[in-house]
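Trainee: Sharing a structure here in structure tokens format.
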Amino acid sequence: MHLELSEHHQQIQQLARDFAQTELASVASKNDETHTFAKEQIKKLGELGFMGIAIDEAYGGAGQDPLSYVLVIEEISKVCAATGVALSVNNSLVAEVLKNFGTEEQKQKFLVPVAQGEKLGAYCLTEPMSGSDAATMATTAVRQGDHYIINGAKNWITNGSYSDVMIVFAMTDSSKGAKGINAFVLDTKTPGVEIGKAENKTGIRSSSTCTISFTDVKIPVTQRLGDELSGFIIAMKTLDNGRIGIAAQAVGIAQAALDEAIKYGFERKQFGKPILENQGLKWMISDMSTRVEAARLLTYQAAFKKTQGGRFTRYSAAAKLFASETATFVTHHALQIHGGYGYTRDYPVERYIRDARVTEIYEGTSEIQRLVIAAQTLKEFEF
Ligand SMILES: Cc1cc2nc3c(=O)[nH]c(=O)nc-3n(C[C@H](O)[C@H](O)[C@H](O)COP(=O)(O)OP(=O)(O)OC[C@H]3O[C@@H](n4cnc5c(N)ncnc54)[C@H](O)[C@@H]3O)c2cc1C
């Protein structure tokens with residue numbers, strides 16, 4: 001068992017770290033304030049191969065492994081978590097779906113430009129009345145000969161306003177519930193697709209999140225992913241991938257908050273000494289640092305399990321659950337260590353606390369992760 005990163009992984013980590021410092025550090029806070037999507041930087045991430053990290057080079061990707069993907073998301077999110085989620089969605093919720101379930105024709109047409117970073121991807125599962133219970137979606141896909149007609153609306157769609165390619169889930173046979181859903185790949189410019197209002201979010205404010213509506217959107221059967229009515233399985237397997245990315249995003253945010261707390265705690269003096277010389281604050285740092293390491297190990301483990309093949313549902317859910325709650329815990333304490341100054345926009349910890357919070361919500365809330373972990377754990381238990 002090796003717990004050290006290989007030289008190759010260290011190089012990828014350093015490449016992402018350097019990129020984050022040179023391209024994102026100076027704009028992250030301003031973009032957050034002004035709701036500005038880091039379009040230029042996303043383009044450059046594509047040039048580095050980071051928009052399709054674990055996609056084969058033959059399909060426009062960088063041909064790296066899941067651990068490389070985790071390292072990149074962590075480093076980018078340490079500096080700008082909003083860019084981290086844009087990257088994560090493109091990689092794991094769009095490129096990976098096309099890699100795993102796309103036909104050769106779909107791969108050539110949609111995967112190659114998405115993995116190269118020439119086109120941006122979005123994943124459209126959630127609806128206004130169907131969040132955690134995704135199988136109750138109201139968007140429909142009615143088969144008419146060799147086409148489907150899609151009608152409905154999705155909300156909370158990351159990358160939505162800037163997306164070129166969308167993975168869309170829609171109900172074809174509601175009598176079958178979760179087994180009546182189809183998954184499709186669409187060009188965002190298809191007639192009938194309308195990008196709606198952008199959300200005014202609490203955190204990850206420079207990421208794009210919007211509503212998308214579908215009115216009589218006609219798409220050929222050749223744009224259906226996988227077998228007829230296999231959409232829900234595709235959605236769930238894809239979230240197994242995505243959750244590793246969100247776990248890495250949360251680790252990045254938590255590490256950034258810990259670093260800032262230590263820096264500030266050494267500089268700030270009260271009662272004639274740096275505040276970090278107080279045992280109470282040292283205990284805080286100790287709990288923060290231990291949890292960050294544990295979250296990172298769980299996240300690496302999930303990536304490792306994915307590399308091995310087979311089901312990794314429990315591992316990705318556990319990594320996402322623990323890392324997201326760690327990010328909330330660590331950012332909360334980092335702000336506390338900053339005292340009143342942490343409660344202003346002059347220090348980055350207030351952004352970290354806002355950014356951390358969403359990692360417990362998207363790609364399945366903490367409550368849903370607990371349901372998933374319990375179900376898998378009980379299934380694996382041998383009497
Ligand atoms: C910034 C942002 C970006 C997003 N990006 C995307 C995206 O790109 N694509 C996409 O499809 N979706 C996206 N989402 C949607 C996200 O996945 C959902 O918000 C999430 O799944 C929860 O659904 P909901 O908000 O409807 O909450 P609800 O499902 O209404 O849940 C509300 C509360 O009830 C709890 N709850 C619900 N059911 C149970 C249960 N059985 N047991 C215990 N507790 C339960 C939940 O945990 C939560 O605390 C995004 C959301 C946000 C905020």
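Chains: A, B, ... in order of the structure tokens. Residues: from 1 per chain. Ligands: from 1, in order shown.
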When you look at A:Gly192 with a cut-off of 10 Å (counting only C-alpha atoms), what residues show up, excluding the ones that are within fewer than 4 positions of it in the same chain? I need them as a PyMOL selection string.
Mentor: chain A and resi 150-151+188+213-218
Trainee: Stretch 157-378 of chain A: which residues are strand (DSSP E or B) by DSSP, as a PyMOL selection string?
Mentor: chain A and resi 157-158+165-171+181-187+193-198+209-220+224-225+269-270+273-274
Trainee: My list of candidates is A:Glu96, A:Asp65, A:Glu360, A:Glu127. Which is closest to A:Ala303 when distances are computed with only C-alpha atoms?
Mentor: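 Checking each of A:Glu96, A:Asp65, A:Glu360, A:Glu127 against A:Ala303, counting only C-alpha atoms, the winner is A:Asp65.
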Trainee: Within 8 Å of ligand 1, which residues show up when you count only C-alpha atoms and all ligand atoms? List them as an mmCIF file with N, CA and C atoms, in the first residue's frame, please.
Mentor:
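File produced: selection_11.cif:
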```
data_model
loop_
_atom_site.group_PDB
_atom_site.id
_atom_site.type_symbol
_atom_site.label_atom_id
_atom_site.label_comp_id
_atom_site.auth_asym_id
_atom_site.auth_seq_id
_atom_site.Cartn_x
_atom_site.Cartn_y
_atom_site.Cartn_z
ATOM 1 N N VAL A 89 -18.028 19.185 -13.055
ATOM 2 C CA VAL A 89 -19.223 18.808 -13.824
ATOM 3 C C VAL A 89 -18.827 18.414 -15.249
ATOM 4 N N ALA A 122 -23.035 20.415 -19.420
ATOM 5 C CA ALA A 122 -23.926 20.575 -18.265
ATOM 6 C C ALA A 122 -24.704 19.270 -18.075
ATOM 7 N N TYR A 123 -25.133 19.033 -16.856
ATOM 8 C CA TYR A 123 -25.820 17.792 -16.491
ATOM 9 C C TYR A 123 -27.187 18.161 -15.940
ATOM 10 N N CYS A 124 -28.244 17.745 -16.644
ATOM 11 C CA CYS A 124 -29.593 18.234 -16.305
ATOM 12 C C CYS A 124 -30.460 17.123 -15.740
ATOM 13 N N LEU A 125 -30.431 16.993 -14.423
ATOM 14 C CA LEU A 125 -31.234 15.970 -13.745
ATOM 15 C C LEU A 125 -32.316 16.620 -12.883
ATOM 16 N N THR A 126 -31.917 17.579 -12.040
ATOM 17 C CA THR A 126 -32.835 18.158 -11.045
ATOM 18 C C THR A 126 -33.923 19.016 -11.682
ATOM 19 N N GLU A 127 -35.089 18.980 -11.050
ATOM 20 C CA GLU A 127 -36.227 19.802 -11.498
ATOM 21 C C GLU A 127 -36.826 20.525 -10.297
ATOM 22 N N PRO A 128 -37.654 21.535 -10.558
ATOM 23 C CA PRO A 128 -38.237 22.278 -9.436
ATOM 24 C C PRO A 128 -38.943 21.366 -8.409
ATOM 25 N N MET A 129 -39.653 20.340 -8.880
ATOM 26 C CA MET A 129 -40.397 19.477 -7.951
ATOM 27 C C MET A 129 -39.713 18.129 -7.722
ATOM 28 N N SER A 130 -38.522 17.967 -8.234
ATOM 29 C CA SER A 130 -37.843 16.678 -8.094
ATOM 30 C C SER A 130 -36.346 16.894 -7.857
ATOM 31 N N GLY A 131 -35.964 16.864 -6.572
ATOM 32 C CA GLY A 131 -34.573 17.088 -6.192
ATOM 33 C C GLY A 131 -33.936 15.780 -5.757
ATOM 34 N N SER A 132 -33.960 15.526 -4.431
ATOM 35 C CA SER A 132 -33.376 14.277 -3.923
ATOM 36 C C SER A 132 -34.065 13.065 -4.539
ATOM 37 N N ASP A 133 -35.367 13.197 -4.768
ATOM 38 C CA ASP A 133 -36.143 12.097 -5.348
ATOM 39 C C ASP A 133 -36.192 12.271 -6.868
ATOM 40 N N ALA A 134 -35.031 12.036 -7.496
ATOM 41 C CA ALA A 134 -34.883 12.355 -8.930
ATOM 42 C C ALA A 134 -35.803 11.534 -9.826
ATOM 43 N N LYS A 154 -35.643 21.978 -16.187
ATOM 44 C CA LYS A 154 -34.641 21.549 -15.206
ATOM 45 C C LYS A 154 -34.166 22.790 -14.470
ATOM 46 N N ASN A 155 -33.764 22.627 -13.226
ATOM 47 C CA ASN A 155 -33.194 23.800 -12.543
ATOM 48 C C ASN A 155 -31.912 23.433 -11.800
ATOM 49 N N TRP A 156 -31.249 24.473 -11.333
ATOM 50 C CA TRP A 156 -29.945 24.338 -10.662
ATOM 51 C C TRP A 156 -28.880 23.778 -11.588
ATOM 52 N N ILE A 157 -28.898 24.123 -12.857
ATOM 53 C CA ILE A 157 -27.956 23.482 -13.776
ATOM 54 C C ILE A 157 -26.615 24.227 -13.832
ATOM 55 N N THR A 158 -25.590 23.562 -13.288
ATOM 56 C CA THR A 158 -24.240 24.118 -13.268
ATOM 57 C C THR A 158 -23.697 24.215 -14.695
ATOM 58 N N ASN A 159 -23.015 25.286 -14.981
ATOM 59 C CA ASN A 159 -22.462 25.602 -16.318
ATOM 60 C C ASN A 159 -23.558 25.978 -17.312
ATOM 61 N N GLY A 160 -24.822 25.929 -16.857
ATOM 62 C CA GLY A 160 -25.973 26.073 -17.756
ATOM 63 C C GLY A 160 -25.865 27.203 -18.758
ATOM 64 N N LYS A 201 -26.755 33.022 -6.002
ATOM 65 C CA LYS A 201 -26.399 32.054 -4.965
ATOM 66 C C LYS A 201 -25.648 32.665 -3.781
ATOM 67 N N GLY A 203 -22.997 31.016 -2.303
ATOM 68 C CA GLY A 203 -21.573 30.737 -2.525
ATOM 69 C C GLY A 203 -21.337 30.295 -3.962
ATOM 70 N N ILE A 204 -20.116 29.860 -4.229
ATOM 71 C CA ILE A 204 -19.651 29.547 -5.599
ATOM 72 C C ILE A 204 -20.349 30.477 -6.620
ATOM 73 N N THR A 209 -25.220 28.874 -12.632
ATOM 74 C CA THR A 209 -26.281 27.943 -12.208
ATOM 75 C C THR A 209 -27.603 28.517 -12.710
ATOM 76 N N VAL A 358 -22.298 24.518 -0.001
ATOM 77 C CA VAL A 358 -23.022 23.838 -1.082
ATOM 78 C C VAL A 358 -22.521 22.410 -1.322
ATOM 79 N N ILE A 361 -24.811 19.903 -0.313
ATOM 80 C CA ILE A 361 -26.140 19.910 -0.940
ATOM 81 C C ILE A 361 -26.140 19.253 -2.319
ATOM 82 N N TYR A 362 -25.221 19.728 -3.219
ATOM 83 C CA TYR A 362 -25.363 19.200 -4.587
ATOM 84 C C TYR A 362 -24.742 17.811 -4.775
ATOM 85 N N GLU A 363 -25.188 17.191 -5.844
ATOM 86 C CA GLU A 363 -24.855 15.787 -6.167
ATOM 87 C C GLU A 363 -25.265 14.860 -5.025
ATOM 88 N N GLY A 364 -26.377 15.207 -4.391
ATOM 89 C CA GLY A 364 -26.918 14.419 -3.274
ATOM 90 C C GLY A 364 -26.542 15.060 -1.961
ATOM 91 N N THR A 365 -27.562 15.415 -1.175
ATOM 92 C CA THR A 365 -27.316 16.060 0.123
ATOM 93 C C THR A 365 -26.622 15.077 1.079
ATOM 94 N N SER A 366 -26.171 15.609 2.211
ATOM 95 C CA SER A 366 -25.537 14.737 3.213
ATOM 96 C C SER A 366 -26.506 13.649 3.671
ATOM 97 N N GLU A 367 -27.787 14.015 3.758
ATOM 98 C CA GLU A 367 -28.785 13.015 4.196
ATOM 99 C C GLU A 367 -28.874 11.890 3.161
ATOM 100 N N ILE A 368 -28.860 12.258 1.900
ATOM 101 C CA ILE A 368 -28.947 11.240 0.842
ATOM 102 C C ILE A 368 -27.674 10.389 0.816
ATOM 103 N N LEU A 371 -28.066 7.783 3.356
ATOM 104 C CA LEU A 371 -28.969 6.700 2.905
ATOM 105 C C LEU A 371 -28.210 5.745 1.976
#
```
Trainee: Restricting the calculation to only C-alpha atoms, which member of A:Gly272, A:Pro348, A:Gly231, A:Gly340 is positioned closest to A:Leu258?
Mentor: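 Counting only C-alpha atoms, the residue closest to A:Leu258 is A:Pro348.
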Trainee: Write out as a PyMOL selection string which residues come within 6 Å of stretch 313-320 of chain A when counting only C-alpha atoms, dropping same-chain ones fewer than 4 positions away.
Mentor: chain A and resi 240+243-244+247+298-299+302+324+369+373+376
Trainee: Using only N, CA and C atoms, please write the residues we just selected to a file, as a PDB file, in the first residue's frame.
Mentor:
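again-v3.pdb was written with the following content:
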```pdb
ATOM      1  N   ASP A 240     -21.924   8.631  -8.915  1.00  0.00           N
ATOM      2  CA  ASP A 240     -20.815   7.975  -8.201  1.00  0.00           C
ATOM      3  C   ASP A 240     -19.498   8.652  -8.587  1.00  0.00           C
ATOM      4  N   ARG A 243     -19.434  12.510  -7.319  1.00  0.00           N
ATOM      5  CA  ARG A 243     -19.240  12.725  -5.879  1.00  0.00           C
ATOM      6  C   ARG A 243     -17.765  12.722  -5.488  1.00  0.00           C
ATOM      7  N   ILE A 244     -16.949  12.004  -6.245  1.00  0.00           N
ATOM      8  CA  ILE A 244     -15.502  12.035  -5.963  1.00  0.00           C
ATOM      9  C   ILE A 244     -14.976  13.449  -6.258  1.00  0.00           C
ATOM     10  N   ALA A 247     -16.092  15.752  -3.484  1.00  0.00           N
ATOM     11  CA  ALA A 247     -15.261  15.486  -2.301  1.00  0.00           C
ATOM     12  C   ALA A 247     -13.926  16.226  -2.449  1.00  0.00           C
ATOM     13  N   LEU A 298      -9.970   9.639   2.346  1.00  0.00           N
ATOM     14  CA  LEU A 298     -11.212   9.012   1.856  1.00  0.00           C
ATOM     15  C   LEU A 298     -11.423   9.326   0.372  1.00  0.00           C
ATOM     16  N   THR A 299     -11.067  10.547  -0.006  1.00  0.00           N
ATOM     17  CA  THR A 299     -11.250  10.954  -1.405  1.00  0.00           C
ATOM     18  C   THR A 299     -10.275  10.198  -2.308  1.00  0.00           C
ATOM     19  N   ALA A 302     -11.528   6.678  -2.700  1.00  0.00           N
ATOM     20  CA  ALA A 302     -12.631   6.551  -3.665  1.00  0.00           C
ATOM     21  C   ALA A 302     -12.065   6.536  -5.091  1.00  0.00           C
ATOM     22  N   SER A 324     -17.368  17.023   2.622  1.00  0.00           N
ATOM     23  CA  SER A 324     -18.231  18.218   2.619  1.00  0.00           C
ATOM     24  C   SER A 324     -18.507  18.682   4.046  1.00  0.00           C
ATOM     25  N   GLN A 369     -26.505  11.019   1.051  1.00  0.00           N
ATOM     26  CA  GLN A 369     -25.259  10.206   1.108  1.00  0.00           C
ATOM     27  C   GLN A 369     -25.373   9.162   2.216  1.00  0.00           C
ATOM     28  N   ILE A 373     -24.903   5.243   1.768  1.00  0.00           N
ATOM     29  CA  ILE A 373     -23.857   4.492   2.491  1.00  0.00           C
ATOM     30  C   ILE A 373     -24.488   3.369   3.314  1.00  0.00           C
ATOM     31  N   GLN A 376     -25.628   0.503   0.998  1.00  0.00           N
ATOM     32  CA  GLN A 376     -24.491  -0.285   0.499  1.00  0.00           C
ATOM     33  C   GLN A 376     -23.859  -1.106   1.614  1.00  0.00           C
TER      34      GLN A 376
END
```
Trainee: Using only C-alpha atoms, can you tell me which of A:Phe383, A:Phe184, A:Tyr59, A:Trp283 comes closest to A:Ala170?
Mentor: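 Among the listed residues, A:Phe184 lies closest to A:Ala170.
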Trainee: Of the candidates A:Lys269, A:Glu350, A:Arg296, A:Tyr162, which shows the shortest atom-to-atom distance to A:Ala198, using only C-alpha atoms?
Mentor: A:Tyr162
Trainee: Could you name the residues that touch A:Asp227 at 10 Å or less, counting only C-alpha atoms, but leaving out those on the same chain fewer than 6 positions away, as a PDB file with N, CA and C atoms, in the first residue's frame?
Mentor:
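So the final result, stored in part.pdb, reads:
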```pdb
ATOM      1  N   PHE A 101     -21.156   5.602 -21.656  1.00  0.00           N
ATOM      2  CA  PHE A 101     -22.431   5.168 -22.243  1.00  0.00           C
ATOM      3  C   PHE A 101     -22.640   5.619 -23.685  1.00  0.00           C
ATOM      4  N   ASN A 182     -35.164   7.971 -19.656  1.00  0.00           N
ATOM      5  CA  ASN A 182     -34.117   7.918 -20.678  1.00  0.00           C
ATOM      6  C   ASN A 182     -33.112   9.047 -20.463  1.00  0.00           C
ATOM      7  N   ALA A 183     -31.890   8.811 -20.924  1.00  0.00           N
ATOM      8  CA  ALA A 183     -30.848   9.852 -20.884  1.00  0.00           C
ATOM      9  C   ALA A 183     -30.493  10.231 -22.319  1.00  0.00           C
ATOM     10  N   ILE A 234     -27.943   5.254 -15.474  1.00  0.00           N
ATOM     11  CA  ILE A 234     -26.876   6.131 -15.981  1.00  0.00           C
ATOM     12  C   ILE A 234     -26.701   7.314 -15.037  1.00  0.00           C
TER      13      ILE A 234
END
```
Trainee: Can you tell me which residues surround stretch 136-147 of chain A at a distance of at most 6 Å, considering only C-alpha atoms, apart from same-chain residues fewer than 5 positions away, and format the answer as a list in words?
Mentor: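 The residues that qualify are Ser130, Gly152, Ala170, Met171, Thr172, Ile219, Pro220 and Val221 of chain A.
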Trainee: Pick out the residues sitting within 12 Å of A:Asn278, and hand them over as number ranges by chain; count only C-alpha atoms, and ignore anything fewer than 5 positions along from it in its own chain.
Mentor: A: 265-266, 268-273, 283-285, 337
Trainee: Output the selection as a PDB file, in the first residue's frame - N, CA and C atoms for each residue.
Mentor:
```pdb
ATOM      1  N   GLY A 265      -3.605  33.279  12.442  1.00  0.00           N
ATOM      2  CA  GLY A 265      -3.412  32.982  13.870  1.00  0.00           C
ATOM      3  C   GLY A 265      -2.004  33.265  14.360  1.00  0.00           C
ATOM      4  N   PHE A 266      -1.030  33.175  13.463  1.00  0.00           N
ATOM      5  CA  PHE A 266       0.356  33.515  13.839  1.00  0.00           C
ATOM      6  C   PHE A 266       0.557  35.023  13.843  1.00  0.00           C
ATOM      7  N   ARG A 268      -1.865  37.520  14.130  1.00  0.00           N
ATOM      8  CA  ARG A 268      -2.729  38.289  15.030  1.00  0.00           C
ATOM      9  C   ARG A 268      -2.279  38.117  16.482  1.00  0.00           C
ATOM     10  N   LYS A 269      -2.016  39.263  17.135  1.00  0.00           N
ATOM     11  CA  LYS A 269      -1.593  39.197  18.541  1.00  0.00           C
ATOM     12  C   LYS A 269      -2.682  39.765  19.449  1.00  0.00           C
ATOM     13  N   GLN A 270      -2.978  39.063  20.516  1.00  0.00           N
ATOM     14  CA  GLN A 270      -3.848  39.567  21.576  1.00  0.00           C
ATOM     15  C   GLN A 270      -3.225  39.119  22.900  1.00  0.00           C
ATOM     16  N   PHE A 271      -3.408  39.916  23.930  1.00  0.00           N
ATOM     17  CA  PHE A 271      -2.795  39.636  25.238  1.00  0.00           C
ATOM     18  C   PHE A 271      -1.279  39.445  25.107  1.00  0.00           C
ATOM     19  N   GLY A 272      -0.677  40.184  24.157  1.00  0.00           N
ATOM     20  CA  GLY A 272       0.773  40.209  24.038  1.00  0.00           C
ATOM     21  C   GLY A 272       1.400  39.025  23.324  1.00  0.00           C
ATOM     22  N   LYS A 273       0.611  38.177  22.695  1.00  0.00           N
ATOM     23  CA  LYS A 273       1.196  37.017  21.997  1.00  0.00           C
ATOM     24  C   LYS A 273       0.283  36.606  20.839  1.00  0.00           C
ATOM     25  N   TRP A 283      -6.106  23.463  19.722  1.00  0.00           N
ATOM     26  CA  TRP A 283      -7.002  22.296  19.611  1.00  0.00           C
ATOM     27  C   TRP A 283      -7.890  22.418  18.376  1.00  0.00           C
ATOM     28  N   MET A 284      -8.320  23.649  18.134  1.00  0.00           N
ATOM     29  CA  MET A 284      -9.147  23.871  16.931  1.00  0.00           C
ATOM     30  C   MET A 284      -8.353  23.483  15.678  1.00  0.00           C
ATOM     31  N   ILE A 285      -7.098  23.987  15.603  1.00  0.00           N
ATOM     32  CA  ILE A 285      -6.255  23.683  14.437  1.00  0.00           C
ATOM     33  C   ILE A 285      -6.044  22.178  14.316  1.00  0.00           C
ATOM     34  N   ILE A 337     -11.413  31.790  14.093  1.00  0.00           N
ATOM     35  CA  ILE A 337     -10.030  32.169  14.411  1.00  0.00           C
ATOM     36  C   ILE A 337      -9.726  33.584  13.904  1.00  0.00           C
TER      37      ILE A 337
END
```
Trainee: Counting only C-alpha atoms, which of A:Asp346, A:Glu260, A:Glu40, A:Glu75 gets nearest to A:Phe19?
Mentor: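 Of A:Asp346, A:Glu260, A:Glu40, A:Glu75, the one nearest A:Phe19 is A:Glu75, counting only C-alpha atoms.
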Trainee: Using only C-alpha atoms, which residues sit within 9 Å of stretch 76-83 of chain A once same-chain residues fewer than 6 positions away are excluded, as a PyMOL selection string?
Mentor: chain A and resi 16-17+19-21+24-25+27-29+32+37-38+41-42+203-208+248-257+352+355-356
Trainee: Measuring between only C-alpha atoms, which one of A:Gln223, A:Thr377, A:Thr344, A:Gln116 shows the shortest distance to A:Ala95?
Mentor: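 So, comparing all the options, the nearest one is A:Gln116.
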Trainee: Please report the interatomic distance between atom CA of A:Gly117 and atom CA of A:Ser26 in Å with one decimal.
Mentor: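 For atom CA of A:Gly117 relative to atom CA of A:Ser26, the distance reads 22.3 Å.
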